[in-house]
Amino acid sequence: MNISWDVLHFVRPEALWALLALPLLVAIWWLRRRRSNVWRQTVDAHLLRHLLVGRDRRAWGGLILLLLGTAIAIVALAGPSWRQVAQPLWQTPSPLVVALDLSSRVTATDLPPSRLLQARAKLATLLRERQGGEIALLVYADDAYTVAPLTDDMANVALYLDALAPDVMPRDGQRADRALETAVKLLQQSGARSGDILLLTDRADADAEQAAASARAQGFVVSVLGLGTPQGAAYRNGEGQIVPARLEEGTLRGVASRGGGRYARIASDDKDLAALDVLTPRVSADDSREGQGRTWRDEGFWLLPPLMLLALFAFRRRGLLVALVMMAALPMAMPTTAHAAERTWWQRADQVDQQRLSTGVDAYRKGDFKAAQQQFEGIDTDAGWYNLGNALARQGQYDAAIDAYDRALKAHPGMADAVANRAAVDAARKRKPPQNNDQNSDQKDGKKPPDKPDAGKNQGQGKDGQSPPPSSGDPKDGRSQGEKSPQAADSQAQAEADAAQRERMQQAMQRQGKNDGTDKAQGQVSGTPQQREQQQAVEAWMRRVPDDPGSLLRAKFQLENERRKREGR
């Protein structure tokens with residue numbers, strides 16, 4: 001250990017103010033000593049020191065030990081440190097908001113096949129190659145609209161790329177300033193103090209430069225990716241007129257300059273994105289390149305051993321010996337049960353039972369009923385007996401299982417689950433099937449195999465077809481026995497959903513039968529009932545498929561535009 005005492009540092013130096021209390025402790029000790037010494041009230045001071053033998057030395061020794069221990073404790077609390085260690089730092093990648101120009105100018109063909117298709121491909125590359133960080137997508141024409149808010153799920157954003165087109169916008173136009181303002185709002189709503197904004201367009205105006213400067217003042221960097229070429233190409237605007245569209249790099253450079261970012265013209269590879277520095281999210285400037293910093297290590301724990309040694313003098317005479325004897329005799333006083341090895345000095349009996357219940361529940365769910373039985377045995381609670389009955393019933397030990405249920409009902413009268421499971425096990429015991437009866441023969445007549453009674457009644461079926469452990473035995477579940485478990489609620493909800501789906505299917509088939517009445521009257525049959533049911537199921541699922549993303553975006557933007565009009569925006 002390399003210690004450099006010339007760089008002694010305290011992690012919590014404010015704790016050293018407590019050292020000022022040491023003189024106060026001395027004064028309190030002196031006053032208490034004078035009041036408690038009755039000899040000073042009857043014997044002259046110049047004679048008292050000759051009559052008292054050794055008492056003053058012991059008193060002063062106790063004071064010195066008290067002051068020394070208090071000083072060591074305060075210094076340890078202050079966190080002395082003489083070295084620094086590497087400390088991993090949490091690096092929060094800066095989020096990115098992409099604003100795409102969806103005005104009619106994006107349909108120009110100077111970037112074959114069109115600017116729009118090139119922009120879509122570039123966004124797909126950005127979503128695929130970006131190394132982490134959240135990203136949002138918004139589009140703008142006469143106003144700006146959010147396609148996807150900030151998210152780290154790039155695939156969710158990519159779903160909308162093919163639907164981006166000028167026809168989804170409520171009105172034509174080119175208000176880049178509103179796009180930048182909306183991007184800033186998205187970043188602020190997410191709680192980001194810094195972030196990047198990437199604008200994809202072919203030109204900008206003074207309002208856009210002002211919006212970029214405002215975004216920069218709030219801690220966000222605005223970069224621009226130019227769409228098009230200086231030569232330009234013709235396009236048809238929203239009024240049906242054919243007009244030229246050229247890339248105005250001067251205005252775009254001005255926006256990037258005012259926004260503190262960079263400008264690049266769109267390229268066929270990803271060099272433009274690399275030049276804009278958007279493939280790798282930025283992190284805080286205080287973070288080092290390796291994502292680690294240096295911090296003082298608290299070495300106060302080295303003062304704990306001498307402090308504990310001084311604390312031994314606070315014990316009364318022979319007190320330390322008594323404590324050691326009690327600690328040695330404690331293991332011998334512990335009960336010698338089958339599960340005594342599981343007990344520790346730091347767990348109560350109920351905590352040990354709860355741990356065994358949890359272990360038994362895990363074994364029960366895995367189908368290891370023998371191991372579950374071993375864990376449940378000896379737990380003298382309603383939950384322990386109830387779960388023991390379930391484990392025994394799963395192994396075909398019906399008499400022992402019924403006895404366990406009776407004990408559970410004795411500890412908890414009226415336990416609904418225990419009553420139901422006891423009745424199921426008792427019915428299985430009374431059936432008395434032949435020894436060679438296999439599972440298939442039982443399933444043919446609708447009966448359960450006798451070695452698998454419904455021990456989980458009212459509890460819901462597990463994914464392996466076996467009943468999960470009861471809620472009372474689940475240490476993670478604090479419900480009473482009369483309540484339903486989450487598995488039972490899910491099973492009931494699923495059953496209701498299936499019944500509703502079958503009812504809808506039958507209604508659809510009836511309607512289909514009415515439509516096909518003429519064909520059936522003529523003796524023409526359109527498939528078997530199973531085929532018709534399968535066809536109706538396919539049609540029902542197809543009706544649940546939502547519209548294409550383009551229609552969804554168009555409707556969403558239209559509603560947003562109407563809302564903004566009502567608000568006077």
# chains A, B, ... in the order shown; residues from 1 in each chain; ligands from 1
>>> residues_around(residues="stretch 270-286 of chain A", least_positions_apart="4", cutoff="7 Å", atoms="only C-alpha atoms", output="ChimeraX atom specification")
/A:91-94,126,129-133,223,262-266
>>> select_by_dssp(residues="stretch 171-317 of chain A", states="alpha helix (DSSP H)", output="PyMOL selection string")
chain A and resi 176-189+206-217+249-258+271-276+304-311
>>> write_last_selection(atoms="C-alpha atoms", output="compact mmCIF listing (two decimals), in the first residue's frame")
# COMPACT_ATOMS: atom_id res chain seq x y z
CA ALA A 176 -37.43 25.01 -40.11
CA ASP A 177 -37.67 27.38 -37.14
CA ARG A 178 -40.74 25.53 -35.85
CA ALA A 179 -38.93 22.23 -36.27
CA LEU A 180 -36.05 23.47 -34.10
CA GLU A 181 -38.44 24.79 -31.46
CA THR A 182 -40.27 21.46 -31.34
CA ALA A 183 -36.96 19.60 -31.07
CA VAL A 184 -35.95 21.74 -28.09
CA LYS A 185 -39.27 20.98 -26.39
CA LEU A 186 -38.77 17.25 -26.88
CA LEU A 187 -35.35 17.41 -25.28
CA GLN A 188 -36.54 19.53 -22.37
CA GLN A 189 -39.52 17.28 -21.71
CA ALA A 206 -33.37 34.07 -40.71
CA ASP A 207 -36.02 32.64 -38.38
CA ALA A 208 -34.32 29.27 -38.51
CA GLU A 209 -30.96 30.85 -37.62
CA GLN A 210 -32.58 32.62 -34.68
CA ALA A 211 -34.16 29.36 -33.49
CA ALA A 212 -30.79 27.61 -33.77
CA ALA A 213 -29.14 30.31 -31.67
CA SER A 214 -31.89 29.97 -29.05
CA ALA A 215 -31.39 26.18 -28.95
CA ARG A 216 -27.66 26.65 -28.50
CA ALA A 217 -28.26 29.05 -25.62
CA GLU A 249 -25.64 25.79 -48.50
CA GLY A 250 -24.97 29.34 -47.32
CA THR A 251 -28.16 29.50 -45.28
CA LEU A 252 -27.61 26.01 -43.90
CA ARG A 253 -24.08 26.82 -42.81
CA GLY A 254 -25.48 29.85 -41.03
CA VAL A 255 -27.93 27.69 -39.08
CA ALA A 256 -25.18 25.24 -38.11
CA SER A 257 -22.88 28.08 -37.08
CA ARG A 258 -25.49 29.77 -34.91
CA LYS A 271 -18.96 9.94 -44.19
CA ASP A 272 -21.46 12.76 -43.88
CA LEU A 273 -22.85 11.35 -40.64
CA ALA A 274 -19.33 10.83 -39.32
CA ALA A 275 -18.48 14.44 -40.18
CA LEU A 276 -21.55 15.62 -38.27
CA LEU A 304 -11.83 0.88 13.79
CA PRO A 305 -9.56 -1.88 15.28
CA PRO A 306 -7.82 0.46 17.78
CA LEU A 307 -11.20 2.02 18.60
CA MET A 308 -12.62 -1.45 19.34
CA LEU A 309 -9.64 -2.23 21.58
CA LEU A 310 -10.23 0.94 23.57
CA ALA A 311 -13.91 0.01 23.85
>>> select_by_dssp(residues="stretch 92-160 of chain A", states="strand (DSSP E or B)", output="list in words")
Leu96, Val97, Val98, Ala99, Leu100, Asp101, Ile135, Ala136, Leu137, Leu138, Val139, Tyr140, Ala144, Tyr145, Thr146, Val147, Ala148, Pro149, Leu150 and Thr151 of chain A
>>> write_last_selection(atoms="all heavy atoms", output="short mmCIF file (atom, residue, chain, number, x, y, z; two decimals), in the first residue's frame")
data_model
loop_
_atom_site.label_atom_id
_atom_site.label_comp_id
_atom_site.auth_asym_id
_atom_site.auth_seq_id
_atom_site.Cartn_x
_atom_site.Cartn_y
_atom_site.Cartn_z
N LEU A 96 -30.54 12.56 -29.36
CA LEU A 96 -30.51 13.15 -30.70
C LEU A 96 -31.94 13.26 -31.21
O LEU A 96 -32.71 12.30 -31.14
CB LEU A 96 -29.68 12.29 -31.65
CG LEU A 96 -29.73 12.68 -33.14
CD1 LEU A 96 -29.10 14.05 -33.36
CD2 LEU A 96 -29.04 11.63 -33.99
N VAL A 97 -32.29 14.44 -31.71
CA VAL A 97 -33.58 14.67 -32.34
C VAL A 97 -33.33 14.98 -33.81
O VAL A 97 -32.59 15.92 -34.13
CB VAL A 97 -34.35 15.82 -31.67
CG1 VAL A 97 -35.68 16.07 -32.39
CG2 VAL A 97 -34.60 15.51 -30.20
N VAL A 98 -33.92 14.19 -34.69
CA VAL A 98 -33.77 14.37 -36.13
C VAL A 98 -35.03 15.06 -36.66
O VAL A 98 -36.15 14.59 -36.41
CB VAL A 98 -33.56 13.03 -36.84
CG1 VAL A 98 -33.41 13.24 -38.34
CG2 VAL A 98 -32.34 12.32 -36.26
N ALA A 99 -34.84 16.16 -37.36
CA ALA A 99 -35.94 16.92 -37.96
C ALA A 99 -35.81 16.84 -39.47
O ALA A 99 -34.85 17.37 -40.05
CB ALA A 99 -35.93 18.37 -37.48
N LEU A 100 -36.77 16.19 -40.13
CA LEU A 100 -36.73 15.98 -41.57
C LEU A 100 -37.71 16.92 -42.26
O LEU A 100 -38.88 17.02 -41.87
CB LEU A 100 -37.09 14.53 -41.90
CG LEU A 100 -37.23 14.18 -43.38
CD1 LEU A 100 -35.92 14.40 -44.12
CD2 LEU A 100 -37.72 12.73 -43.54
N ASP A 101 -37.23 17.58 -43.30
CA ASP A 101 -38.06 18.47 -44.12
C ASP A 101 -38.94 17.61 -45.03
O ASP A 101 -38.45 16.89 -45.90
CB ASP A 101 -37.15 19.38 -44.94
CG ASP A 101 -37.93 20.35 -45.81
OD1 ASP A 101 -39.18 20.33 -45.76
OD2 ASP A 101 -37.28 21.13 -46.54
N ILE A 135 -33.04 8.59 -29.37
CA ILE A 135 -33.23 9.31 -30.63
C ILE A 135 -34.72 9.55 -30.82
O ILE A 135 -35.56 8.74 -30.42
CB ILE A 135 -32.64 8.52 -31.82
CG1 ILE A 135 -32.61 9.40 -33.07
CG2 ILE A 135 -33.40 7.24 -32.05
CD1 ILE A 135 -31.82 8.78 -34.21
N ALA A 136 -35.06 10.69 -31.38
CA ALA A 136 -36.43 11.06 -31.71
C ALA A 136 -36.49 11.52 -33.15
O ALA A 136 -35.48 11.97 -33.72
CB ALA A 136 -36.94 12.16 -30.77
N LEU A 137 -37.66 11.40 -33.75
CA LEU A 137 -37.85 11.78 -35.15
C LEU A 137 -39.07 12.68 -35.25
O LEU A 137 -40.14 12.34 -34.74
CB LEU A 137 -38.05 10.54 -36.01
CG LEU A 137 -38.35 10.78 -37.50
CD1 LEU A 137 -37.19 11.53 -38.17
CD2 LEU A 137 -38.64 9.47 -38.22
N LEU A 138 -38.88 13.82 -35.88
CA LEU A 138 -40.00 14.71 -36.18
C LEU A 138 -39.87 15.19 -37.61
O LEU A 138 -38.77 15.20 -38.20
CB LEU A 138 -40.07 15.89 -35.20
CG LEU A 138 -38.87 16.86 -35.11
CD1 LEU A 138 -38.99 17.98 -36.13
CD2 LEU A 138 -38.78 17.46 -33.71
N VAL A 139 -40.99 15.57 -38.20
CA VAL A 139 -41.03 16.06 -39.57
C VAL A 139 -41.70 17.42 -39.56
O VAL A 139 -42.46 17.76 -38.63
CB VAL A 139 -41.81 15.08 -40.48
CG1 VAL A 139 -41.05 13.77 -40.60
CG2 VAL A 139 -43.21 14.82 -39.95
N TYR A 140 -41.44 18.18 -40.59
CA TYR A 140 -42.01 19.52 -40.62
C TYR A 140 -42.25 19.94 -42.06
O TYR A 140 -41.60 19.47 -43.00
CB TYR A 140 -41.11 20.53 -39.93
CG TYR A 140 -39.85 20.89 -40.68
CD1 TYR A 140 -39.79 22.01 -41.52
CD2 TYR A 140 -38.70 20.12 -40.56
CE1 TYR A 140 -38.64 22.34 -42.21
CE2 TYR A 140 -37.55 20.44 -41.24
CZ TYR A 140 -37.52 21.56 -42.07
OH TYR A 140 -36.38 21.87 -42.76
N ALA A 144 -44.34 21.66 -37.47
CA ALA A 144 -43.56 20.47 -37.10
C ALA A 144 -44.42 19.52 -36.30
O ALA A 144 -45.24 19.94 -35.46
CB ALA A 144 -42.33 20.87 -36.30
N TYR A 145 -44.24 18.22 -36.54
CA TYR A 145 -45.01 17.18 -35.86
C TYR A 145 -44.06 16.05 -35.46
O TYR A 145 -43.11 15.72 -36.18
CB TYR A 145 -46.11 16.63 -36.77
CG TYR A 145 -47.06 17.69 -37.26
CD1 TYR A 145 -46.82 18.35 -38.46
CD2 TYR A 145 -48.18 18.04 -36.52
CE1 TYR A 145 -47.68 19.33 -38.92
CE2 TYR A 145 -49.06 19.01 -36.97
CZ TYR A 145 -48.80 19.66 -38.17
OH TYR A 145 -49.66 20.63 -38.61
N THR A 146 -44.35 15.45 -34.30
CA THR A 146 -43.51 14.38 -33.76
C THR A 146 -43.93 13.04 -34.34
O THR A 146 -45.11 12.65 -34.21
CB THR A 146 -43.60 14.34 -32.23
OG1 THR A 146 -43.21 15.60 -31.69
CG2 THR A 146 -42.70 13.24 -31.66
N VAL A 147 -43.01 12.34 -34.96
CA VAL A 147 -43.25 10.99 -35.44
C VAL A 147 -42.98 9.98 -34.34
O VAL A 147 -43.79 9.07 -34.09
CB VAL A 147 -42.38 10.69 -36.68
CG1 VAL A 147 -42.58 9.25 -37.14
CG2 VAL A 147 -42.71 11.66 -37.80
N ALA A 148 -41.86 10.09 -33.68
CA ALA A 148 -41.50 9.19 -32.57
C ALA A 148 -40.77 10.01 -31.52
O ALA A 148 -39.81 10.72 -31.84
CB ALA A 148 -40.62 8.05 -33.07
N PRO A 149 -41.21 9.96 -30.27
CA PRO A 149 -40.50 10.69 -29.21
C PRO A 149 -39.16 10.04 -28.90
O PRO A 149 -38.80 9.01 -29.49
CB PRO A 149 -41.47 10.60 -28.03
CG PRO A 149 -42.23 9.34 -28.27
CD PRO A 149 -42.36 9.22 -29.77
N LEU A 150 -38.44 10.62 -27.98
CA LEU A 150 -37.13 10.09 -27.63
C LEU A 150 -37.24 8.65 -27.11
O LEU A 150 -38.01 8.38 -26.19
CB LEU A 150 -36.47 10.97 -26.57
CG LEU A 150 -35.85 12.28 -27.08
CD1 LEU A 150 -35.44 13.16 -25.92
CD2 LEU A 150 -34.65 12.00 -27.98
N THR A 151 -36.48 7.77 -27.70
CA THR A 151 -36.49 6.36 -27.33
C THR A 151 -35.15 5.75 -27.70
O THR A 151 -34.45 6.24 -28.59
CB THR A 151 -37.63 5.61 -28.03
OG1 THR A 151 -37.57 4.22 -27.68
CG2 THR A 151 -37.52 5.74 -29.53
#
>>> closest_residue(among="A:Gly367, A:Asn156, A:Ala372, A:Pro95", to="A:Asp196", atoms="only C-alpha atoms")
A:Pro95
>>> atom_distance(atom1="atom CA of A:Leu392", atom2="atom CA of A:Gly414")
21.0 Å
>>> residues_around(residues="A:Leu77", least_positions_apart="6", cutoff="8 Å", atoms="only C-alpha atoms", output="PyMOL selection string")
chain A and resi 12+15+300
>>> residues_around(residues="stretch 21-36 of chain A", least_positions_apart="3", cutoff="8 Å", atoms="only C-alpha atoms", output="list in words")
Ala18, Arg40, Leu63, Leu67, Thr70 and Ala71 of chain A
>>> write_last_selection(atoms="N, CA and C atoms", output="compact mmCIF listing (two decimals), in the first residue's frame")
# COMPACT_ATOMS: atom_id res chain seq x y z
N ALA A 18 -16.44 18.30 15.30
CA ALA A 18 -16.83 17.62 16.54
C ALA A 18 -15.69 17.54 17.54
N ARG A 40 -14.82 15.20 49.59
CA ARG A 40 -14.40 16.59 49.43
C ARG A 40 -15.27 17.54 50.27
N LEU A 63 -10.61 9.06 31.94
CA LEU A 63 -10.85 10.26 31.12
C LEU A 63 -9.98 10.27 29.87
N LEU A 67 -11.35 10.37 26.03
CA LEU A 67 -10.99 11.41 25.06
C LEU A 67 -10.30 10.81 23.85
N THR A 70 -12.92 8.99 21.69
CA THR A 70 -13.78 9.95 21.00
C THR A 70 -13.05 10.61 19.84
N ALA A 71 -11.78 10.97 20.07
CA ALA A 71 -11.00 11.61 19.00
C ALA A 71 -10.80 10.66 17.82
>>> residues_around(residues="A:Arg246", least_positions_apart="3", cutoff="10 Å", atoms="only C-alpha atoms", output="JSON, numbers by chain")
{"A": [105, 108, 110, 202, 203, 227, 228, 229, 230, 231, 232, 233, 234, 249]}
>>> closest_residue(among="A:Pro113, A:Ala124, A:Arg171, A:Gly219", to="A:Glu560", atoms="only C-alpha atoms")
A:Arg171
>>> atom_distance(atom1="atom CA of A:Val425", atom2="atom CA of A:Gln373")
16.5 Å
